[in-house]
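Below is one structure, written out as C-alpha cells, with a few remarks after it.
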Amino acid sequence: MTEVLFYHLDRQPLERVLPALLEKCLERGWRTVVQAGSVERRDALDSHLWTYADDAFLPHGTARDGPGDLQPVFLTDGQDTPNAATVRFLVDRAEPGDFTPFDRVVYLFDGEDEEARAEARLRWKQAKDAGHAVTYWKQSSSGRWEKAA
C-alpha cells in the first residue's frame with residue numbers, strides 16, 4: 001500500500017515548499033522523482049532548484065542531463081522513473097500513473113486554483129478507493145504543516 005499525501009498550498013508557493021520537502025527526502029536517503037504537468041514547468045523547476053537558496057545544494061537532473069539513474073532527484077514531465085525512486089511528487093496537476101512502485105506519492109496543489117482543488121478531491125477519492133493510506137496537509141498561520149485529515 002502506498003502512502004498518498006496531499007499538500008494544500010495556500011500560504012507559500014510551490015517554489016518555496018518543494019525544495020524543503022525534497023531536502024527532507026534526501027536527508028532520509030530517499031530517491032525521488034518530481035513529475036510536472038508540462039515540459040516548461042519541469043524546466044522552470046530545474047532552474048529554480050539550482051538557485052533557490054545561496055547556502056543550499058539540491059542534487060537533481062532531467063533526462064537531458066545524462067543517465068537518470070545517477071540523479072537522487074529526477075525531474076520529468078512524464079511517467080518515467082529512471083532513478084528507482086521510492087517517492088513521487090506530482091505538481092501542477094501532473095497526471096498520476098501507477099502508485100505500486102512507490103512508498104509515497106505526494107500531491108502538491110494550488111489552493112487558490114478551483115480546478116486544482118477539484119482535481120485534488122478527485123485524486124483523494126481515487127487513492128482512498130484504491131486502498132491507499134491518504135493524508136491531507138495544510139499550513140498553519142505559523143507556517144508549519146499540520147495534518148488536517
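We name chains A, B, ... following the order of the C-alpha cells; residues begin at 1 in each chain, and ligands are numbered from 1 as shown.
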What residues in chain A get the DSSP label alpha helix (DSSP H)? Please answer as a PyMOL selection string. chain A and resi 14-27+39-51+114-129
So which bits of chain A end up strand (DSSP E) when you DSSP the backbone, as a count of residues only? 37
Leaving out A:Tyr107 and any residue of its chain fewer than 4 positions from it, which residues lie within 7 Å of it when counting only C-alpha atoms, given as a list in words? Leu5, Phe6, Tyr7, Phe89, Leu90 and Val91 of chain A
Put those residues in a file: N, CA and C atoms, as a PDB file, in the first residue's frame.
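And here's out_16.pdb as it stands now:
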ATOM      1  N   LEU A   5       0.043  11.562   0.100  1.00  0.00           N
ATOM      2  CA  LEU A   5      -0.051  12.795   0.873  1.00  0.00           C
ATOM      3  C   LEU A   5      -0.488  13.930  -0.035  1.00  0.00           C
ATOM      4  N   PHE A   6      -1.442  14.719   0.424  1.00  0.00           N
ATOM      5  CA  PHE A   6      -1.932  15.884  -0.317  1.00  0.00           C
ATOM      6  C   PHE A   6      -1.494  17.139   0.431  1.00  0.00           C
ATOM      7  N   TYR A   7      -0.739  18.000  -0.232  1.00  0.00           N
ATOM      8  CA  TYR A   7      -0.286  19.257   0.354  1.00  0.00           C
ATOM      9  C   TYR A   7      -1.026  20.402  -0.315  1.00  0.00           C
ATOM     10  N   PHE A  89       6.612  12.956  -6.489  1.00  0.00           N
ATOM     11  CA  PHE A  89       5.898  14.208  -6.300  1.00  0.00           C
ATOM     12  C   PHE A  89       5.145  14.521  -7.580  1.00  0.00           C
ATOM     13  N   LEU A  90       3.899  14.921  -7.443  1.00  0.00           N
ATOM     14  CA  LEU A  90       3.081  15.336  -8.583  1.00  0.00           C
ATOM     15  C   LEU A  90       2.745  16.810  -8.392  1.00  0.00           C
ATOM     16  N   VAL A  91       3.183  17.642  -9.335  1.00  0.00           N
ATOM     17  CA  VAL A  91       2.962  19.086  -9.232  1.00  0.00           C
ATOM     18  C   VAL A  91       2.284  19.592 -10.495  1.00  0.00           C
TER      19      VAL A  91
END
List as a ChimeraX atom specification the protein and nucleic acid residues near A:Thr2, meaning an atom at most 6 Å away when only C-alpha atoms are counted, but skip any in the same chain fewer than 6 places from it. /A:103-104,132
Could you save those same residues with all heavy atoms as a PDB file, in the first residue's frame?
ATOM      1  N   ASP A 103       6.687   4.075  -2.266  1.00  0.00           N
ATOM      2  CA  ASP A 103       6.270   4.059  -0.869  1.00  0.00           C
ATOM      3  C   ASP A 103       5.357   5.239  -0.583  1.00  0.00           C
ATOM      4  O   ASP A 103       4.436   5.143   0.226  1.00  0.00           O
ATOM      5  CB  ASP A 103       7.486   4.130   0.060  1.00  0.00           C
ATOM      6  CG  ASP A 103       8.368   2.906  -0.046  1.00  0.00           C
ATOM      7  OD1 ASP A 103       7.858   1.823  -0.409  1.00  0.00           O
ATOM      8  OD2 ASP A 103       9.582   3.041   0.213  1.00  0.00           O
ATOM      9  N   ARG A 104       5.668   6.383  -1.247  1.00  0.00           N
ATOM     10  CA  ARG A 104       4.900   7.607  -1.057  1.00  0.00           C
ATOM     11  C   ARG A 104       4.663   8.295  -2.388  1.00  0.00           C
ATOM     12  O   ARG A 104       5.561   8.350  -3.228  1.00  0.00           O
ATOM     13  CB  ARG A 104       5.658   8.606  -0.179  1.00  0.00           C
ATOM     14  CG  ARG A 104       5.702   8.262   1.256  1.00  0.00           C
ATOM     15  CD  ARG A 104       6.400   9.339   2.034  1.00  0.00           C
ATOM     16  NE  ARG A 104       6.224   9.051   3.448  1.00  0.00           N
ATOM     17  CZ  ARG A 104       6.448   9.902   4.400  1.00  0.00           C
ATOM     18  NH1 ARG A 104       6.864  11.114   4.125  1.00  0.00           N
ATOM     19  NH2 ARG A 104       6.253   9.570   5.655  1.00  0.00           N
ATOM     20  N   HIS A 132      -5.256   3.006  -0.703  1.00  0.00           N
ATOM     21  CA  HIS A 132      -4.035   3.667  -0.243  1.00  0.00           C
ATOM     22  C   HIS A 132      -4.316   4.463   1.039  1.00  0.00           C
ATOM     23  O   HIS A 132      -5.443   4.908   1.266  1.00  0.00           O
ATOM     24  CB  HIS A 132      -3.490   4.606  -1.325  1.00  0.00           C
ATOM     25  CG  HIS A 132      -3.128   3.900  -2.588  1.00  0.00           C
ATOM     26  ND1 HIS A 132      -2.096   2.994  -2.669  1.00  0.00           N
ATOM     27  CD2 HIS A 132      -3.674   3.948  -3.825  1.00  0.00           C
ATOM     28  CE1 HIS A 132      -2.012   2.525  -3.900  1.00  0.00           C
ATOM     29  NE2 HIS A 132      -2.968   3.078  -4.619  1.00  0.00           N
TER      30      HIS A 132
END
Contact check, stretch 100-149 of chain A to stretch 24-45 of chain A, at most 12 Å, counting only C-alpha atoms, closest pairs as CSV:
residue,atom,partner,partner_atom,distance
A:Pro101,CA,A:Thr32,CA,11.7
A:Phe102,CA,A:Thr32,CA,9.5
A:Asp103,CA,A:Trp30,CA,9.9
A:Arg104,CA,A:Thr32,CA,9.6
A:Val105,CA,A:Val33,CA,9.7
A:Val106,CA,A:Val34,CA,9.3
A:Tyr107,CA,A:Gln35,CA,9.9
A:Leu108,CA,A:Ala36,CA,10.3
A:Phe109,CA,A:Ala36,CA,11.4
A:Ala116,CA,A:Gly37,CA,11.8
Residue subset to file, keeping C-alpha atoms, as a compact mmCIF listing (two decimals), in the first residue's frame:
# COMPACT_ATOMS: atom_id res chain seq x y z
CA PRO A 101 6.41 1.13 -7.24
CA PHE A 102 6.34 3.93 -4.65
CA ASP A 103 6.27 4.06 -0.87
CA ARG A 104 4.90 7.61 -1.06
CA VAL A 105 3.16 9.77 -3.61
CA VAL A 106 2.91 13.48 -2.79
CA TYR A 107 0.38 15.76 -4.49
CA LEU A 108 1.16 19.45 -4.23
CA PHE A 109 -1.75 21.59 -5.37
CA ALA A 116 -6.67 22.20 -8.93
